[in-house]
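Below is one structure, written out as structure tokens; comments come after it.
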Amino acid sequence: MPDKDTAFAAPSTYIGGEVYRTDDAGRTWRRVSAEGEDVSRKAGYSFNQLRVDPNNPDRVFITGSNMIQSNDGGKTWAGLGGGGGGGRGGYPFITTFGDFRSFWIDPEDSDHMVATSDGGVSVSYDGGRTSDHFANLKLGEFYAIGVDMDQPYHIYGGLQDHEDWKGPSNGWSGRVNIDDWVSVGIGDGMYNEPDPTGRWLYNTQEFGTLGRVDMEARTRTIIDPTKPNVPNHFTNIRPLGGRGGGAAPDTVLYRFNWIAPVRISPVDHNTIYYGSQFLLRSKDRGDHWEVISPDLTTNNPEKINTQNTSIQHCTIVTIAEAPAQAGVIWVGTDDGKVQVTRDAGAHWTDTTAKVAAAGGPEDAWVSRVFGSRFEAGTAYITKSRRRQDDFKPFVFRTTDFGATWTRITSGLPDVAEATSIVEDTVNPNLLFLGTSSGVFVSFDRGAGWVSFKSNMGPAPVTDLLVHPREGDLVVGTYGRGVWITNIVPLRGINSTVLSSDAALLPIRSFAERNEGSFGNYRLLGDRYPTTPNEPNAMTIAYYLKSAPPNAAPAAATAQGGRGGGGGRGGFGGAPCVADGGDGQRPYVTIADASGKVVCTLIPPARAGVNQVLWSLNTYAPQPAPDPAAAGRGGRGGRGAGQAPPPASAGEYTFTLNAGGKTYVQKAHLISRSPADASRGGGGDQ
């Protein structure tokens, strides 16, 4: 049985927020808000900016869950239920998403205002009566992400004070638009764990409220083990026992972090894990719960808050069951503990001191634990000391269930708080690390790291994962939304490849999408965010140690499809050409299952990793020979006049010809017929 926590006693009274005014540059002050009137209403560490109109000292604003305004020097406040005037309905920015964080008034025009909130940035030109939201700013703040196995797959994410959302990796119109996303949770969105069957989704919200969403019935049921079937937004310490049970004075109370973790077991999708200071397990999708650990935190009474306070400490913040072996479960806490069980919770081992011996501070927040899918004893952890103003990366690997740890930070910058780590689903040497400085990749199990960003803007990474079917890396950031990239080619990179002259990297099998809107879908210009789908084509990636000298583009006849040589879908893939050109420049041939070459591509030839898109074009059919044209010279390319036929579903052989050598990979073009609709790309790589 778990030990009892420190007894909690909430203060009987609170002063609340008050407004004071000085008219002599701070020498004397007087309270101007009414006695007992709380003008703060939310946590002072993140709200409650007070702004005075630079042109009217009696016009005052305070940010909070809504914006409140006084027109009489703080005596009365619109937005608190009394007088003062303001915008429509009595207070400014009434139609804007709430939880206001900052506020600006134009000193040249007091009716011109800019407000920022958990919903973004808004501007008003009439003193807050009406406002305009800058929806085209891609500023999503994701706490955690998940993915399902739909085709195309969906991304699930919990947004800071903006619910849980589900959106497609590719949109039916050829783009992913704001209306492609739907909400699947409430409150501050946190973890989202889609069940592999597609029926259920588990998500958490602020202070640990856990819900189970029936994706077919579109209902959400609260299933956390300590409360009735309604949300309670302000109590994150709850009585141990059945839902709805009262908290007796000596009752052990659950403590939940602001971002309380929930995880589906990788070996049994009906089993879920949920973290307080104890690890909780349900084997029936949350209907019944059991405690399978002692208190896994330091249980330090100096860090544990009272029952009705906002933020709680000494809590579990990350959970991982190892796919390689059922019952091997890792847990990390916000006060530095790294714990592991090898028998589904019957016995636990505290490995925190072992991590400290490898250079991991014992007081550092455990931002992620990750159990390997390849070896039961292998796991990775990241720790963070951001809250102590220390932004150095702390990343560690064990291969013996935590008996020893190795610090794996070579190549990382000094300022790169480590937030998350994930292992590829195919290549155990391929790791991805999320940091406050972006994403890093390792090809040797963390022995060395390199920056992995391309066109991804700098942003703190909060979560990342590899889609098990598609081979996409999905990255959630705190401020720049969600990013996706195909990492299948990276599975072929290692020291041997990098020391060779050239290499053709693994190619993701591909199912062509039938996409594109009917008619004009450009309704809103640049007013709302939109992102193009990934290319509707096969990506061929290859490595060149150095650019070939004197390589010139081949003077060959293009054989592209619709869209100016861009192939089917018009996505700008390289056109098929008649041959490999002058022999100096690398080229790629594509052959069908019979061995017939159906397309030759002349790709870029830069040193490093290159890629070219095959838009599923083939050579155009040859016209019948014209005897009258005999002797007029040349083969004249592969055919003018007829459109190239589309490539058929099946296996294809890709051959890179570079420097007199050939390099081969195989991949499938997958039919998207109804019978094959569930098949994805990348599953065979």
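Going through the structure tokens in order, the chains are called A, B, and so on, while each chain numbers its residues from 1 and the ligands are numbered from 1 in the order shown.
Omitting Thr653 (chain A) and its sequence neighbours fewer than 5 positions away, and counting only C-alpha atoms, the residues within 9 Å are Thr589, Ile590, Ala591, Asp592, Ala593, Gly595, Val597, Val664, Gln665, Lys666, Ala667 and His668 of chain A.
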Selection file, N, CA, C and O atoms, as a PDB file, in the first residue's frame:
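Listing of selection_1.pdb after writing:
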```
ATOM      1  N   THR A 589      17.558   4.903 -63.043  1.00  0.00           N
ATOM      2  CA  THR A 589      16.608   4.175 -63.866  1.00  0.00           C
ATOM      3  C   THR A 589      15.592   3.485 -62.971  1.00  0.00           C
ATOM      4  O   THR A 589      15.901   3.062 -61.857  1.00  0.00           O
ATOM      5  N   ILE A 590      14.364   3.384 -63.469  1.00  0.00           N
ATOM      6  CA  ILE A 590      13.266   2.755 -62.739  1.00  0.00           C
ATOM      7  C   ILE A 590      12.718   1.644 -63.615  1.00  0.00           C
ATOM      8  O   ILE A 590      12.284   1.891 -64.747  1.00  0.00           O
ATOM      9  N   ALA A 591      12.763   0.410 -63.101  1.00  0.00           N
ATOM     10  CA  ALA A 591      12.315  -0.751 -63.869  1.00  0.00           C
ATOM     11  C   ALA A 591      11.158  -1.425 -63.170  1.00  0.00           C
ATOM     12  O   ALA A 591      11.113  -1.505 -61.932  1.00  0.00           O
ATOM     13  N   ASP A 592      10.208  -1.931 -63.953  1.00  0.00           N
ATOM     14  CA  ASP A 592       9.075  -2.638 -63.368  1.00  0.00           C
ATOM     15  C   ASP A 592       9.464  -4.070 -63.022  1.00  0.00           C
ATOM     16  O   ASP A 592      10.628  -4.479 -63.161  1.00  0.00           O
ATOM     17  N   ALA A 593       8.481  -4.863 -62.593  1.00  0.00           N
ATOM     18  CA  ALA A 593       8.772  -6.210 -62.122  1.00  0.00           C
ATOM     19  C   ALA A 593       9.326  -7.112 -63.215  1.00  0.00           C
ATOM     20  O   ALA A 593      10.025  -8.093 -62.930  1.00  0.00           O
ATOM     21  N   GLY A 595      11.505  -6.155 -65.348  1.00  0.00           N
ATOM     22  CA  GLY A 595      12.839  -5.680 -65.671  1.00  0.00           C
ATOM     23  C   GLY A 595      12.869  -4.589 -66.718  1.00  0.00           C
ATOM     24  O   GLY A 595      13.940  -4.051 -67.033  1.00  0.00           O
ATOM     25  N   VAL A 597      12.763  -1.030 -68.158  1.00  0.00           N
ATOM     26  CA  VAL A 597      12.972   0.326 -67.667  1.00  0.00           C
ATOM     27  C   VAL A 597      11.819   1.199 -68.147  1.00  0.00           C
ATOM     28  O   VAL A 597      11.592   1.335 -69.357  1.00  0.00           O
ATOM     29  N   VAL A 664      21.360  -0.164 -55.919  1.00  0.00           N
ATOM     30  CA  VAL A 664      19.999  -0.629 -56.169  1.00  0.00           C
ATOM     31  C   VAL A 664      19.165  -0.595 -54.887  1.00  0.00           C
ATOM     32  O   VAL A 664      19.647  -0.938 -53.799  1.00  0.00           O
ATOM     33  N   GLN A 665      17.901  -0.189 -55.029  1.00  0.00           N
ATOM     34  CA  GLN A 665      16.880  -0.315 -53.992  1.00  0.00           C
ATOM     35  C   GLN A 665      15.573  -0.746 -54.653  1.00  0.00           C
ATOM     36  O   GLN A 665      15.361  -0.494 -55.846  1.00  0.00           O
ATOM     37  N   LYS A 666      14.707  -1.377 -53.892  1.00  0.00           N
ATOM     38  CA  LYS A 666      13.384  -1.767 -54.372  1.00  0.00           C
ATOM     39  C   LYS A 666      12.313  -1.113 -53.514  1.00  0.00           C
ATOM     40  O   LYS A 666      12.508  -0.872 -52.325  1.00  0.00           O
ATOM     41  N   ALA A 667      11.180  -0.838 -54.130  1.00  0.00           N
ATOM     42  CA  ALA A 667      10.033  -0.292 -53.416  1.00  0.00           C
ATOM     43  C   ALA A 667       8.781  -0.601 -54.208  1.00  0.00           C
ATOM     44  O   ALA A 667       8.843  -0.934 -55.395  1.00  0.00           O
ATOM     45  N   HIS A 668       7.633  -0.501 -53.540  1.00  0.00           N
ATOM     46  CA  HIS A 668       6.355  -0.821 -54.167  1.00  0.00           C
ATOM     47  C   HIS A 668       5.556   0.441 -54.452  1.00  0.00           C
ATOM     48  O   HIS A 668       5.513   1.368 -53.629  1.00  0.00           O
TER      49      HIS A 668
END
```
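For Asp501 (chain A), the list of residues within 7 Å, based on only C-alpha atoms and with local chain neighbours fewer than 2 positions off taken out, reads Ser499, Leu544 and Lys545 of chain A.
Minimum distance to Phe396 (chain A) across A:Gly359, A:Asn305, A:Val415, A:Ile319 (counting only C-alpha atoms) occurs at A:Gly359.
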**OP:** Step one, run DSSP on the backbone; step two, keep only residues of region 115-330 of chain A assigned to strand (DSSP E); then write them as a ChimeraX atom specification.
**Re:** /A:115-117,120-124,132-133,142-147,154-159,164-168,175-177,182-183,192-194,200-204,210-214,219-222,237-239,253-255,262-264,272-275,279-282,290-291,316-321,329-330
Subject >> Contacts of region 38-41 of chain A within 12 Å, only C-alpha atoms, excl. fewer than 5 positions in-chain, as number ranges by chain >> reply: A: 14-20, 32-33, 46-50, 60-70, 74-82, 99-100
Subject >> Spatial neighbours of Leu430 (chain A), max dist 10 Å, only C-alpha atoms, sep filter under 4 positions, as a list in words >> reply: Val422, Glu423, Asp424, Thr425, Val426, Val441, Ser442, Phe443, Asp444, Arg445, Gly446, Ile487, Leu490, Arg491, Gly492, Ile493 and Asn494 of chain A
Applying 9 Å and only C-alpha atoms, which residues near Trp365 (chain A) remain after dropping the ones on its own chain fewer than 4 positions away? List them as a PDB file with C-alpha atoms, in the first residue's frame.
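Everything below was put into around20.pdb:
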```pdb
ATOM      1  CA  VAL A 317       5.586  13.128 -15.862  1.00  0.00           C
ATOM      2  CA  GLY A 332      10.281   9.533 -14.780  1.00  0.00           C
ATOM      3  CA  THR A 333       9.229  12.243 -12.324  1.00  0.00           C
ATOM      4  CA  ASP A 334       9.381  16.013 -12.120  1.00  0.00           C
ATOM      5  CA  ASP A 335      11.748  15.799  -9.142  1.00  0.00           C
ATOM      6  CA  GLY A 336      14.383  13.734 -10.919  1.00  0.00           C
ATOM      7  CA  LYS A 337      13.501  10.103 -10.200  1.00  0.00           C
ATOM      8  CA  PRO A 361      21.710  15.803 -11.907  1.00  0.00           C
ATOM      9  CA  THR A 382      16.288  13.015 -21.183  1.00  0.00           C
ATOM     10  CA  LYS A 383      16.492  15.330 -18.177  1.00  0.00           C
ATOM     11  CA  SER A 384      15.919  19.074 -17.949  1.00  0.00           C
ATOM     12  CA  ARG A 385      17.174  21.776 -15.586  1.00  0.00           C
ATOM     13  CA  ARG A 386      15.486  24.648 -17.387  1.00  0.00           C
ATOM     14  CA  ARG A 387      13.699  25.554 -14.185  1.00  0.00           C
TER      15      ARG A 387
END
```
**OP:** Write out as an MDAnalysis selection string all residues of region 201-404 of chain A that DSSP puts in helix (DSSP H, G or I) for this structure's backbone.
**Re:** chainID A and resid 206:208 352:357 386:388
Subject >> Contacts of region 207-214 of chain A within 7 Å, only C-alpha atoms, excl. fewer than 5 positions in-chain, as a list in words >> reply: Arg199, Trp200, Leu201, Tyr202, Thr219, Arg220, Thr221, Ile222, Ile223, Asp224, Pro231, Thr235, Asn236, Phe256, Asn257, Trp258, Ile259 and Ala260 of chain A
**OP:** Between CA of Phe134 (chain A) and CA of Arg480 (chain A), measure the distance and give it in Å to one decimal.
**Re:** 14.8 Å
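A straight line drawn from CA of Ser276 (chain A) to CA of Arg397 (chain A) is 24.9 Å long.
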Original post:
What's the 7 Å shell around region 286-290 of chain A, counting only C-alpha atoms, without same-chain residues fewer than 5 positions away, as a ChimeraX atom specification?
Top reply: /A:223,225,280-281
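Considering the residues A:Thr96, A:Thr298, A:Ser372, A:Arg285 and counting only C-alpha atoms, Val328 (chain A) has its shortest atom-to-atom contact with A:Ser372.
Nearest residue to Ile408 (chain A), choosing from A:Ile264, A:Gly187, A:Ala511, A:Val355 and counting only C-alpha atoms: A:Val355.
Of the listed residues A:Pro107, A:Gly146, A:Gly448, A:Gly127, the one whose atoms come nearest to Glu193 (chain A) is A:Gly146, with distances taken using only C-alpha atoms.
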